[in-house]
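Pasted below: model.txt, compact mmCIF, C-alpha atoms and all ligand atoms.
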# COMPACT_ATOMS: atom_id res chain seq x y z
CA MET A 1339 0.00 0.00 0.00
CA ASP A 1340 1.43 3.39 -1.07
CA VAL A 1341 1.59 6.05 1.58
CA LEU A 1342 -0.40 9.15 0.66
CA PRO A 1343 1.50 12.43 0.44
CA ASP A 1344 0.79 14.53 3.52
CA LYS A 1345 -0.87 17.28 1.54
CA THR A 1346 -3.28 14.90 -0.20
CA LEU A 1347 -4.14 13.17 3.06
CA LYS A 1348 -4.92 16.52 4.70
CA GLN A 1349 -7.18 17.53 1.78
CA ILE A 1350 -8.98 14.18 1.97
CA GLN A 1351 -9.45 14.52 5.71
CA LYS A 1352 -10.76 18.07 5.34
CA LEU A 1353 -13.30 17.04 2.69
CA SER A 1354 -14.31 14.06 4.81
CA ARG A 1355 -14.90 16.25 7.84
CA GLU A 1356 -17.04 18.59 5.74
CA GLY A 1357 -18.95 15.57 4.43
CA ASP A 1358 -19.44 14.31 8.00
CA ALA A 1359 -20.82 17.67 9.11
CA LEU A 1360 -23.29 17.66 6.22
CA ALA A 1361 -24.31 14.05 6.88
CA GLU A 1362 -24.86 14.91 10.51
CA THR A 1363 -27.50 17.43 9.50
CA GLN A 1364 -28.88 14.88 7.03
CA GLU A 1365 -27.82 16.84 3.92
CA PHE A 1366 -26.83 13.60 2.26
CA PRO A 1367 -26.51 14.70 -1.41
CA ASP A 1368 -24.05 17.45 -0.40
CA ALA A 1369 -22.24 15.10 1.95
CA LEU A 1370 -21.83 12.60 -0.88
CA LYS A 1371 -20.36 15.30 -3.13
CA LYS A 1372 -17.68 15.99 -0.50
CA TYR A 1373 -16.88 12.30 -0.05
CA TRP A 1374 -16.60 11.71 -3.79
CA ALA A 1375 -14.40 14.79 -4.15
CA ALA A 1376 -12.15 13.25 -1.48
CA TRP A 1377 -12.26 9.90 -3.28
CA ASP A 1378 -11.09 11.56 -6.52
CA LEU A 1379 -7.93 12.66 -4.75
CA LEU A 1380 -6.94 9.09 -4.01
CA PRO A 1381 -4.30 7.72 -6.40
CA GLU A 1382 -5.25 4.53 -8.23
CA PRO A 1383 -5.81 1.80 -7.26
CA GLN A 1384 -7.91 3.60 -4.63
CA ILE A 1385 -8.95 0.50 -2.73
CA GLU A 1386 -5.40 -0.09 -1.61
CA HIS A 1387 -5.50 2.97 0.62
CA GLU A 1388 -6.82 3.03 4.14
CA ALA A 1389 -8.68 6.24 3.32
CA ALA A 1390 -10.72 4.24 0.79
CA THR A 1391 -12.10 2.13 3.65
CA TRP A 1392 -13.58 5.03 5.54
CA LEU A 1393 -14.61 7.00 2.46
CA LEU A 1394 -16.57 4.09 0.98
CA THR A 1395 -18.02 3.42 4.42
CA ALA A 1396 -19.09 7.04 4.81
CA ILE A 1397 -20.58 6.98 1.29
CA GLY A 1398 -22.40 3.70 1.95
CA ASP A 1399 -23.65 5.01 5.27
CA SER A 1400 -25.01 8.20 3.68
CA ASN A 1401 -26.68 6.08 0.99
CA PHE A 1402 -28.21 3.85 3.62
CA ARG A 1403 -29.49 6.71 5.72
CA SER A 1404 -31.02 8.40 2.69
CA GLY A 1405 -32.77 5.19 1.64
CA GLU A 1406 -30.50 4.30 -1.33
CA ILE A 1407 -30.08 0.74 -0.15
CA VAL A 1408 -28.72 -0.86 -3.34
CA GLU A 1409 -26.03 1.82 -3.67
CA ALA A 1410 -25.29 1.50 0.03
CA ARG A 1411 -24.82 -2.27 -0.28
CA ASP A 1412 -22.53 -1.88 -3.30
CA HIS A 1413 -20.33 0.75 -1.70
CA LEU A 1414 -20.10 -1.09 1.58
CA SER A 1415 -19.29 -4.33 -0.23
CA ASN A 1416 -16.48 -2.47 -2.01
CA ALA A 1417 -15.31 -1.06 1.31
CA MET A 1418 -14.89 -4.66 2.46
CA HIS A 1419 -12.06 -5.05 -0.07
CA CYS A 1420 -10.13 -2.14 1.43
CA PRO A 1421 -7.53 -2.34 4.21
CA GLY A 1422 -8.79 -3.12 7.70
CA ALA A 1423 -12.47 -3.39 6.71
CA ILE A 1424 -13.01 -7.03 7.54
CA GLY A 1425 -13.85 -7.23 11.20
CA ASN A 1426 -14.87 -3.57 11.44
CA PRO A 1427 -18.18 -3.92 13.29
CA PHE A 1428 -19.74 -0.78 11.88
CA ILE A 1429 -19.23 -1.82 8.26
CA HIS A 1430 -20.59 -5.30 9.00
CA LEU A 1431 -23.60 -3.75 10.70
CA ARG A 1432 -24.48 -1.43 7.82
CA LEU A 1433 -23.88 -4.10 5.22
CA GLY A 1434 -26.05 -6.55 7.15
CA GLN A 1435 -28.82 -3.97 7.42
CA CYS A 1436 -28.67 -3.39 3.64
CA GLN A 1437 -28.75 -7.13 2.95
CA LEU A 1438 -31.78 -7.57 5.16
CA ASP A 1439 -33.59 -4.61 3.61
CA LEU A 1440 -32.85 -6.12 0.18
CA GLY A 1441 -34.21 -9.50 1.26
CA ASP A 1442 -30.95 -11.46 1.39
CA GLU A 1443 -31.46 -12.97 4.83
CA LYS A 1444 -28.53 -15.36 4.65
CA ARG A 1445 -25.98 -12.61 4.04
CA ALA A 1446 -27.77 -10.37 6.53
CA VAL A 1447 -27.32 -12.99 9.25
CA ASP A 1448 -23.67 -13.38 8.36
CA GLU A 1449 -22.87 -9.64 8.45
CA LEU A 1450 -25.02 -8.78 11.46
CA THR A 1451 -23.51 -11.67 13.39
CA ARG A 1452 -20.03 -10.35 12.77
CA ALA A 1453 -21.06 -6.91 14.00
CA TYR A 1454 -22.69 -8.53 17.00
CA MET A 1455 -19.71 -10.72 17.75
CA ALA A 1456 -17.40 -7.73 17.81
CA GLU A 1457 -19.48 -5.28 19.81
CA GLY A 1458 -22.49 -7.09 21.26
CA GLU A 1459 -25.91 -5.53 21.50
CA LYS A 1460 -24.59 -2.02 21.94
CA ILE A 1461 -23.80 -1.75 18.24
CA PHE A 1462 -27.55 -1.94 17.57
CA GLU A 1463 -28.33 0.98 19.87
CA GLY A 1464 -30.01 3.81 17.99
CA GLU A 1465 -30.77 1.52 15.03
CA ASN A 1466 -34.19 0.30 14.01
CA PRO A 1467 -34.89 -2.57 16.47
CA LYS A 1468 -35.98 -4.82 13.62
CA TYR A 1469 -32.34 -5.70 12.83
CA LEU A 1470 -31.55 -7.01 16.30
CA THR A 1471 -34.93 -8.72 16.54
CA PHE A 1472 -34.23 -10.40 13.21
CA LEU A 1473 -30.79 -11.54 14.38
CA LYS A 1474 -32.23 -12.87 17.63
CA THR A 1475 -34.81 -14.92 15.81
CA LYS A 1476 -32.19 -16.35 13.47
CA ILE A 1477 -29.43 -17.10 15.90
CA ASP A 1478 -29.80 -18.88 19.15
CA GLN A 1479 -27.21 -21.56 18.70
CA PRO A 1480 -23.68 -20.73 19.87
CA SER A 1481 -22.34 -22.91 17.08
CA ALA A 1482 -24.06 -20.82 14.40
CA VAL A 1483 -22.61 -17.61 15.75
CA THR A 1484 -19.20 -19.11 16.19
CA LYS A 1485 -19.26 -20.46 12.65
CA ALA A 1486 -20.08 -17.07 11.16
CA ALA A 1487 -17.48 -15.32 13.27
CA GLN A 1488 -14.83 -17.84 12.40
CA ALA A 1489 -15.42 -17.65 8.68
CA PRO A 1490 -12.73 -15.05 7.83
CA ALA A 1491 -10.08 -16.87 9.81
CA ALA A 1492 -11.15 -20.18 8.34
CA LYS A 1493 -10.93 -18.73 4.82
CA ALA A 1494 -7.53 -17.30 5.53
CA VAL A 1495 -6.31 -20.61 6.84
CA THR A 1496 -7.64 -22.49 3.82
CA LYS A 1497 -5.98 -19.98 1.49
CA ALA A 1498 -2.65 -20.63 3.04
CA GLY A 1499 -3.22 -24.36 2.66
CA GLY A 1500 -3.47 -24.80 6.43
CA MET A 1501 0.31 -24.48 6.72
CA ASN A 1502 0.25 -21.08 8.30
CA LEU A 1503 -2.18 -21.70 11.09
CA ILE A 1504 0.07 -20.20 13.74
CA ALA A 1505 0.92 -17.19 11.57
CA ASN A 1506 -2.78 -16.66 10.93
CA ILE A 1507 -3.60 -16.72 14.60
CA PHE A 1508 -1.03 -14.00 15.18
CA GLN A 1509 -1.81 -11.98 12.08
CA THR A 1510 -5.60 -11.88 11.85
CA THR A 1511 -7.87 -9.81 14.03
CA LEU A 1512 -9.90 -12.85 14.92
CA GLY A 1513 -6.77 -14.84 15.77
CA ARG A 1514 -5.56 -12.05 18.06
CA LYS A 1515 -8.95 -11.93 19.72
CA TYR A 1516 -8.64 -15.64 20.37
CA ILE A 1517 -5.19 -15.09 21.85
CA MET A 1518 -6.67 -12.41 24.13
CA GLY A 1519 -9.56 -14.69 25.07
CA ALA A 1520 -7.52 -17.84 25.62
CA THR A 1521 -4.73 -16.15 27.62
CA GLY A 1522 -7.36 -14.16 29.55
CA PHE A 1523 -9.09 -17.44 30.35
CA ALA A 1524 -5.84 -18.98 31.63
CA LEU A 1525 -5.07 -15.87 33.70
CA VAL A 1526 -8.54 -15.89 35.26
CA GLY A 1527 -7.95 -19.57 36.09
CA PHE A 1528 -4.75 -18.60 37.88
CA ILE A 1529 -6.44 -15.67 39.65
CA ILE A 1530 -9.20 -17.94 40.99
CA GLY A 1531 -6.74 -20.66 42.03
CA HIS A 1532 -4.47 -18.11 43.70
CA LEU A 1533 -7.44 -16.64 45.56
CA VAL A 1534 -8.48 -20.04 46.87
CA GLY A 1535 -4.89 -20.62 48.06
CA ASN A 1536 -4.71 -17.18 49.71
CA LEU A 1537 -8.03 -17.50 51.50
CA GLN A 1538 -6.38 -20.18 53.62
CA PHE A 1539 -4.96 -17.19 55.45
CA PHE A 1540 -8.26 -17.11 57.35
CA LEU A 1541 -7.76 -20.70 58.47
CA GLY A 1542 -4.54 -19.79 60.26
CA PRO A 1543 -0.76 -20.19 59.88
CA GLU A 1544 -0.75 -23.96 59.66
CA TRP A 1545 -2.86 -23.98 56.51
CA ILE A 1546 -1.24 -21.22 54.51
CA ASN A 1547 2.32 -22.09 55.52
CA SER A 1548 1.94 -25.74 54.59
CA TYR A 1549 0.23 -24.71 51.35
CA GLY A 1550 3.31 -22.59 50.46
CA GLU A 1551 5.56 -25.49 51.40
CA PHE A 1552 3.49 -27.91 49.33
CA LEU A 1553 3.82 -25.71 46.23
CA LYS A 1554 7.58 -25.53 46.67
CA SER A 1555 7.79 -29.31 46.93
CA TRP A 1556 6.92 -29.55 43.22
CA PRO A 1557 9.64 -27.35 41.72
CA LYS A 1558 9.24 -28.58 38.13
CA ALA A 1559 5.46 -28.08 38.13
CA LEU A 1560 5.87 -24.72 39.87
CA TRP A 1561 8.37 -23.46 37.31
CA GLY A 1562 6.27 -24.85 34.45
CA ALA A 1563 3.27 -22.95 35.78
CA ARG A 1564 5.32 -19.79 36.31
CA ILE A 1565 6.68 -19.86 32.75
CA SER A 1566 3.23 -20.52 31.28
CA LEU A 1567 1.85 -17.68 33.38
CA LEU A 1568 4.55 -15.33 32.15
CA ALA A 1569 3.91 -16.37 28.52
CA CYS A 1570 0.17 -15.77 28.98
CA ILE A 1571 0.76 -12.31 30.44
CA ALA A 1572 3.16 -11.39 27.61
CA LEU A 1573 0.80 -12.66 24.88
CA HIS A 1574 -2.19 -11.02 26.52
CA ILE A 1575 -0.46 -7.62 26.58
CA TRP A 1576 0.88 -8.03 23.04
CA ALA A 1577 -2.58 -8.92 21.66
CA ALA A 1578 -4.15 -5.98 23.54
CA PHE A 1579 -1.75 -3.50 21.95
CA ALA A 1580 -1.94 -5.12 18.51
CA LEU A 1581 -5.75 -5.00 18.53
CA ALA A 1582 -5.82 -1.43 19.83
CA ALA A 1583 -3.42 -0.28 17.09
CA GLU A 1584 -5.44 -2.13 14.48
CA ASN A 1585 -8.68 -0.57 15.73
CA ARG A 1586 -7.24 2.91 15.47
CA LYS A 1587 -6.05 2.31 11.92
CA ALA A 1588 -9.09 0.51 10.56
CA ARG A 1589 -11.68 2.81 12.03
CA PRO A 1590 -13.58 5.12 9.72
CA VAL A 1591 -13.48 8.83 10.52
CA GLY A 1592 -16.16 11.28 11.49
CA TYR A 1593 -19.69 10.53 12.52
CA VAL A 1594 -19.33 7.01 11.15
CA ASN A 1595 -16.94 6.70 13.99
CA LYS A 1596 -19.17 7.81 16.85
CA ARG A 1597 -20.14 4.37 17.92
CA ALA A 1598 -16.56 3.25 17.64
CA THR A 1599 -15.47 6.08 19.93
CA ALA A 1600 -17.41 4.53 22.81
CA ALA A 1601 -15.80 1.18 22.09
CA SER A 1602 -12.35 2.72 21.90
CA TYR A 1603 -12.97 4.49 25.23
CA ALA A 1604 -13.67 1.10 26.78
CA SER A 1605 -10.59 -0.42 25.17
CA GLN A 1606 -8.39 2.50 26.23
CA THR A 1607 -9.56 2.18 29.82
CA MET A 1608 -8.94 -1.55 29.51
CA ILE A 1609 -5.37 -0.82 28.45
CA MET A 1610 -4.94 1.69 31.26
CA SER A 1611 -6.40 -0.58 33.97
CA GLY A 1612 -4.47 -3.52 32.51
CA LEU A 1613 -1.20 -1.61 32.73
CA ILE A 1614 -1.85 -0.60 36.33
CA VAL A 1615 -2.69 -4.21 37.21
CA PHE A 1616 0.55 -5.24 35.49
CA ALA A 1617 2.48 -2.67 37.55
CA PHE A 1618 0.75 -4.11 40.62
CA ILE A 1619 1.84 -7.65 39.70
CA VAL A 1620 5.45 -6.48 39.35
CA TYR A 1621 5.23 -4.82 42.77
CA HIS A 1622 3.48 -7.85 44.21
CA LEU A 1623 6.27 -10.16 43.03
CA TRP A 1624 8.89 -7.89 44.58
CA HIS A 1625 6.81 -7.81 47.75
CA PHE A 1626 5.92 -11.44 48.42
CA THR A 1627 7.84 -13.61 45.93
CA PHE A 1628 11.29 -11.97 45.78
CA MET A 1629 10.62 -10.34 49.17
CA PHE A 1630 12.67 -7.21 48.53
CA LYS A 1631 12.95 -5.46 51.88
CA TRP A 1632 12.81 -1.96 50.37
CA VAL A 1633 9.29 -2.39 48.95
CA ASN A 1634 7.45 -3.68 52.02
CA ALA A 1635 7.41 -0.38 53.98
CA ALA A 1636 7.94 -2.38 57.21
CA GLY A 1637 11.73 -2.49 56.97
CA ILE A 1638 11.68 -6.21 57.78
CA ASP A 1639 13.36 -8.91 55.74
CA PHE A 1640 10.56 -11.34 54.93
CA HIS A 1641 13.14 -14.05 54.20
CA MET A 1642 13.78 -14.19 57.94
CA LEU A 1643 10.20 -15.13 58.79
CA VAL A 1644 10.23 -18.82 59.61
CA ASP A 1645 7.59 -20.72 61.62
CA ASP A 1646 8.32 -23.22 64.40
CA ARG A 1647 8.45 -26.06 61.85
CA GLY A 1648 11.15 -24.31 59.86
CA ARG A 1649 8.84 -23.31 56.97
CA HIS A 1650 8.58 -19.88 55.40
CA ASP A 1651 6.03 -18.08 57.60
CA ILE A 1652 3.68 -16.74 54.93
CA TYR A 1653 1.02 -16.02 57.55
CA ARG A 1654 3.21 -13.58 59.47
CA MET A 1655 4.50 -12.13 56.22
CA LEU A 1656 0.93 -11.26 55.18
CA ILE A 1657 0.12 -9.76 58.56
CA ILE A 1658 3.25 -7.61 58.70
CA GLY A 1659 2.90 -6.78 55.00
CA PHE A 1660 -0.68 -5.57 55.23
CA GLN A 1661 -0.23 -3.76 58.53
CA GLN A 1662 1.38 -1.03 56.42
CA PRO A 1663 -1.57 1.21 55.42
CA ILE A 1664 0.11 2.49 52.24
CA VAL A 1665 0.73 -1.06 51.05
CA SER A 1666 -2.79 -2.24 51.85
CA ILE A 1667 -4.36 0.80 50.17
CA TRP A 1668 -2.30 0.13 47.04
CA TYR A 1669 -3.50 -3.50 47.05
CA VAL A 1670 -7.12 -2.42 47.44
CA VAL A 1671 -6.87 0.14 44.63
CA ALA A 1672 -5.08 -2.26 42.27
CA ILE A 1673 -7.47 -5.14 43.01
CA SER A 1674 -10.46 -2.83 42.44
CA LEU A 1675 -8.99 -1.99 39.05
CA LEU A 1676 -8.44 -5.68 38.45
CA CYS A 1677 -12.14 -6.17 39.17
CA TRP A 1678 -13.07 -3.52 36.60
CA HIS A 1679 -10.66 -5.02 34.09
CA LEU A 1680 -11.97 -8.53 34.69
CA SER A 1681 -15.63 -7.67 34.41
CA HIS A 1682 -15.10 -6.06 31.00
CA GLY A 1683 -12.44 -8.55 29.96
CA LEU A 1684 -14.54 -11.60 30.83
CA SER A 1685 -17.43 -10.21 28.87
CA ALA A 1686 -15.17 -9.56 25.86
CA MET A 1687 -13.65 -13.01 26.28
CA PHE A 1688 -17.06 -14.70 26.06
CA GLN A 1689 -17.61 -12.67 22.90
CA SER A 1690 -14.25 -13.62 21.34
CA LEU A 1691 -14.80 -17.27 22.14
CA GLY A 1692 -18.14 -17.18 20.33
CA LEU A 1693 -20.26 -17.90 23.41
CA LYS A 1694 -22.17 -14.63 23.47
CA THR A 1695 -25.26 -15.36 21.49
CA PRO A 1696 -28.24 -13.04 21.93
CA ALA A 1697 -29.84 -15.65 24.20
CA TRP A 1698 -26.80 -15.98 26.48
CA SER A 1699 -25.50 -12.45 26.37
CA GLY A 1700 -27.30 -11.09 29.47
CA LEU A 1701 -26.44 -14.11 31.59
CA LEU A 1702 -22.76 -14.06 30.59
CA ASP A 1703 -22.48 -10.30 31.24
CA ASN A 1704 -23.86 -10.82 34.74
CA LEU A 1705 -21.55 -13.74 35.29
CA ALA A 1706 -18.61 -11.52 34.26
CA LYS A 1707 -19.70 -8.67 36.53
CA TYR A 1708 -20.56 -10.66 39.65
CA GLY A 1709 -17.68 -13.09 39.13
CA ALA A 1710 -15.17 -10.22 38.95
CA CYS A 1711 -16.67 -8.54 42.03
CA SER A 1712 -16.56 -11.77 44.04
CA ILE A 1713 -12.92 -12.31 43.12
CA ALA A 1714 -12.09 -8.74 44.16
CA VAL A 1715 -13.97 -9.03 47.46
CA GLY A 1716 -12.10 -12.27 48.20
CA TYR A 1717 -8.68 -10.70 47.61
CA ILE A 1718 -9.47 -7.37 49.28
CA SER A 1719 -10.75 -9.15 52.39
CA ILE A 1720 -7.14 -10.11 53.26
CA PRO A 1721 -5.49 -6.66 53.53
CA VAL A 1722 -8.69 -5.16 54.94
CA SER A 1723 -8.98 -7.81 57.66
CA VAL A 1724 -5.39 -7.18 58.67
CA LEU A 1725 -5.73 -3.39 58.68
CA THR A 1726 -9.01 -3.39 60.59
CA GLY A 1727 -7.72 -5.74 63.26
CA LEU A 1728 -9.73 -8.78 62.29
CA LYS A 1729 -6.46 -10.70 62.21
CA THR A 1730 -6.18 -10.37 66.01
CA PHE A 1731 -9.50 -12.07 66.12
CA ILE A 1732 -8.12 -14.83 63.95
CA GLU A 1733 -4.91 -15.11 65.94
CA LYS A 1734 -6.98 -15.68 69.06
CA GLY A 1735 -8.50 -18.65 67.28
CA ALA A 1736 -11.93 -17.08 67.08
CA LEU A 1737 -12.36 -18.12 63.48
C1 LIG B 1 -4.50 -9.75 48.88
C2 LIG B 1 -4.23 -10.30 47.76
C3 LIG B 1 -3.07 -11.22 47.51
C4 LIG B 1 -2.30 -11.94 48.38
C5 LIG B 1 -2.40 -12.02 49.88
C6 LIG B 1 -1.31 -12.64 47.60
C7 LIG B 1 -0.34 -13.45 48.12
C8 LIG B 1 0.72 -13.96 47.40
C9 LIG B 1 1.86 -14.62 47.97
C10 LIG B 1 2.08 -14.93 49.45
C11 LIG B 1 2.69 -14.96 46.96
C12 LIG B 1 4.05 -15.63 47.06
C13 LIG B 1 3.92 -17.10 46.93
C14 LIG B 1 5.26 -17.74 47.13
O1 LIG B 1 6.16 -17.52 46.30
O2 LIG B 1 5.41 -18.45 48.13
C15 LIG B 1 2.08 -14.50 45.75
C16 LIG B 1 2.60 -14.68 44.48
C17 LIG B 1 1.97 -14.27 43.32
N1 LIG B 1 0.79 -13.56 43.21
FE1 LIG B 1 -0.37 -13.00 44.74
N2 LIG B 1 -1.53 -12.36 46.27
C18 LIG B 1 -2.59 -11.49 46.19
C19 LIG B 1 -3.13 -10.95 45.04
C20 LIG B 1 -2.70 -11.26 43.76
C21 LIG B 1 -3.33 -10.81 42.57
C22 LIG B 1 -4.58 -9.95 42.51
C23 LIG B 1 -2.61 -11.31 41.52
C24 LIG B 1 -2.81 -11.18 40.04
C25 LIG B 1 -3.55 -10.34 39.44
C26 LIG B 1 -1.52 -12.05 42.08
C27 LIG B 1 -0.57 -12.67 41.34
C28 LIG B 1 0.53 -13.34 41.89
C29 LIG B 1 1.58 -13.94 41.09
C30 LIG B 1 1.66 -13.93 39.57
C31 LIG B 1 2.48 -14.53 41.99
C32 LIG B 1 3.74 -15.30 41.67
C33 LIG B 1 3.43 -16.74 41.70
C34 LIG B 1 4.69 -17.58 41.72
O3 LIG B 1 5.78 -17.07 41.66
O4 LIG B 1 4.55 -18.79 41.83
N3 LIG B 1 -1.61 -12.01 43.44
N4 LIG B 1 0.88 -13.91 46.03
Rewrite the coordinates I just gave you, this time as structure tokens.
Amino acid sequence: MDVLPDKTLKQIQKLSREGDALAETQEFPDALKKYWAAWDLLPEPQIEHEAATWLLTAIGDSNFRSGEIVEARDHLSNAMHCPGAIGNPFIHLRLGQCQLDLGDEKRAVDELTRAYMAEGEKIFEGENPKYLTFLKTKIDQPSAVTKAAQAPAAKAVTKAGGMNLIANIFQTTLGRKYIMGATGFALVGFIIGHLVGNLQFFLGPEWINSYGEFLKSWPKALWGARISLLACIALHIWAAFALAAENRKARPVGYVNKRATAASYASQTMIMSGLIVFAFIVYHLWHFTFMFKWVNAAGIDFHMLVDDRGRHDIYRMLIIGFQQPIVSIWYVVAISLLCWHLSHGLSAMFQSLGLKTPAWSGLLDNLAKYGACSIAVGYISIPVSVLTGLKTFIEKGAL
């Protein structure tokens, strides 16, 4: 793909903005003139430029909104051949709406499902409810949704003769979403397992100290799990940045983009909360795994804490660690962000894994929300119980 000269790109963007402003006030014929003027500035072959994606989308959208459905379908279908269009939920939505209005139900299901898979029900907000109602009546089997969503990746794999499966997973949007979903799933598994282990704190020193000892008695398994965990974290972060960069590039400009702005807000806050949680994990490893004295705010070397059976005294380490208000507050803040991240992430994961059909969507969203909150409450209960003095209660054997 040739890079457009700066001057041409600026002219195209200016004309597009003018077109957007006209489309916003429903002056579609004038808006179309601006978009076509911008199109004429694109060097041939136009469809190789990213600008072609959003111009054809804007043109198709104006056609659709002014009732020129055949033209809208044709322009949006052409947009699909331009860079970054496949997987763009807005283009799939509009194209699906055109197909349905033109009576092609099969294609309508295919396109609307892709829009739905990427953004869920919120992409249908502000649209005529008939499109979502239609989709709901057509799709209630997870397998049908999954099949439609997997089609581009499947095609890509077939094209490459099946040899480049791994490359396809890393290079296609859908593949990256699977990486996000699968690594997210593994990380949630760890987070739940780790929580169950940590909650033994409330059962007293014997439990949590022997649990720590037990884990260390399987060094190969422990290191295998640690390396897998590290790989999952690295892949998860890589996929998050790759998808965010792709979203920014493939997204049409102007009012066509309004819906996408909300989505990108969510994904930016996901990146922000994810990075803070990552910073927390680094701190947490220094704190309790490497036990660096200078990060615990207590000035005590946690390596020295040994119980009367000669084991590392994790129980006392947690009590001393969380008696430091600044440390506990940081844990509570970071875990609250983890909760936010998880509730959105789990919901997105169900979507990427093809489980979020219209029938299951509400249930899975609730599962994500309440699941994430329960995890956070479980973790937060440890520093809070230490800070509020509940631990004295425990030490006296009252629990
Ligand atoms: C109050 C909350 C938490 C407590 C009390 C806690 C406790 C601990 C302890 C004691 C260890 C050291 C285990 C050892 O090496 O013997 C540890 C390691 C670890 N924790 Fe936590 N943790 C908490 C929250 C979290 C959260 C929210 C995450 C992830 C988001 C997390 C991720 C990890 C990881 C990745 C390790 C390293 C595991 C390893 O090296 O085997 N922890 N945690």
- [ ] Mind checking which residues fall within 12 Å of A:Ala1390, counting all atoms listed in the file, ignoring those fewer than 4 positions away in the same chain, and posting them as a ChimeraX atom specification?
- [x] /A:1339,1342,1347,1350-1351,1354,1373-1374,1376-1386,1394-1398,1413-1414,1416-1423,1588-1591
Test item: residues lying within 7 Å of ligand LIG 1 (chain B) with only C-alpha atoms and all ligand atoms, as a ChimeraX atom specification: /A:1529,1532,1536,1550,1560,1564,1615,1619,1622-1623,1626-1627,1652,1656,1669,1673,1676,1717-1718,1720-1721
List as a ChimeraX atom specification the protein and nucleic acid residues near A:Gly1519, meaning an atom at most 10 Å away when all atoms listed in the file are counted, but skip any in the same chain fewer than 6 places from it.
/A:1513,1525,1574,1577,1683-1691
Self-check item: For A:Arg1654, the nearest of the candidates A:Ile1546, A:Leu1702, A:Leu1473, A:Ile1565, counting all atoms listed in the file
Solution: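 Closest to A:Arg1654, using all atoms listed in the file: A:Ile1546.
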Taking (-1.1, -17.9, 36.2) in the file's coordinates as the center, which residues reach within 12 Å of it, counting all atoms listed in the file, put as a PyMOL selection string?
chain A and resi 1521-1533+1560-1572+1574+1619
Got a moment to write stretch 1630-1642 of chain A out with N, CA and C atoms, as a short mmCIF file (atom, residue, chain, number, x, y, z; two decimals), in the first residue's frame?
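What landed in decode.cif:
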data_model
loop_
_atom_site.label_atom_id
_atom_site.label_comp_id
_atom_site.auth_asym_id
_atom_site.auth_seq_id
_atom_site.Cartn_x
_atom_site.Cartn_y
_atom_site.Cartn_z
N PHE A 1630 11.71 -8.32 48.40
CA PHE A 1630 12.67 -7.21 48.53
C PHE A 1630 12.27 -6.37 49.74
N LYS A 1631 13.23 -6.18 50.62
CA LYS A 1631 12.95 -5.46 51.88
C LYS A 1631 12.48 -4.03 51.61
N TRP A 1632 13.08 -3.40 50.60
CA TRP A 1632 12.81 -1.96 50.37
C TRP A 1632 11.42 -1.67 49.81
N VAL A 1633 10.63 -2.70 49.46
CA VAL A 1633 9.29 -2.39 48.95
C VAL A 1633 8.18 -2.66 49.98
N ASN A 1634 8.55 -3.26 51.14
CA ASN A 1634 7.45 -3.68 52.02
C ASN A 1634 7.03 -2.63 53.05
N ALA A 1635 7.72 -1.51 53.11
CA ALA A 1635 7.41 -0.38 53.98
C ALA A 1635 7.51 -0.72 55.47
N ALA A 1636 7.84 -1.99 55.80
CA ALA A 1636 7.94 -2.38 57.21
C ALA A 1636 9.40 -2.43 57.65
N GLY A 1637 10.30 -2.42 56.68
CA GLY A 1637 11.73 -2.49 56.97
C GLY A 1637 12.15 -3.85 57.52
N ILE A 1638 11.36 -4.87 57.26
CA ILE A 1638 11.68 -6.21 57.78
C ILE A 1638 12.03 -7.12 56.60
N ASP A 1639 13.01 -7.97 56.81
CA ASP A 1639 13.36 -8.91 55.74
C ASP A 1639 12.44 -10.13 55.84
N PHE A 1640 11.54 -10.25 54.88
CA PHE A 1640 10.56 -11.34 54.93
C PHE A 1640 11.21 -12.73 54.81
N HIS A 1641 12.44 -12.75 54.28
CA HIS A 1641 13.14 -14.05 54.20
C HIS A 1641 13.36 -14.65 55.58
N MET A 1642 13.44 -13.75 56.58
CA MET A 1642 13.78 -14.19 57.94
C MET A 1642 12.58 -14.80 58.67
#
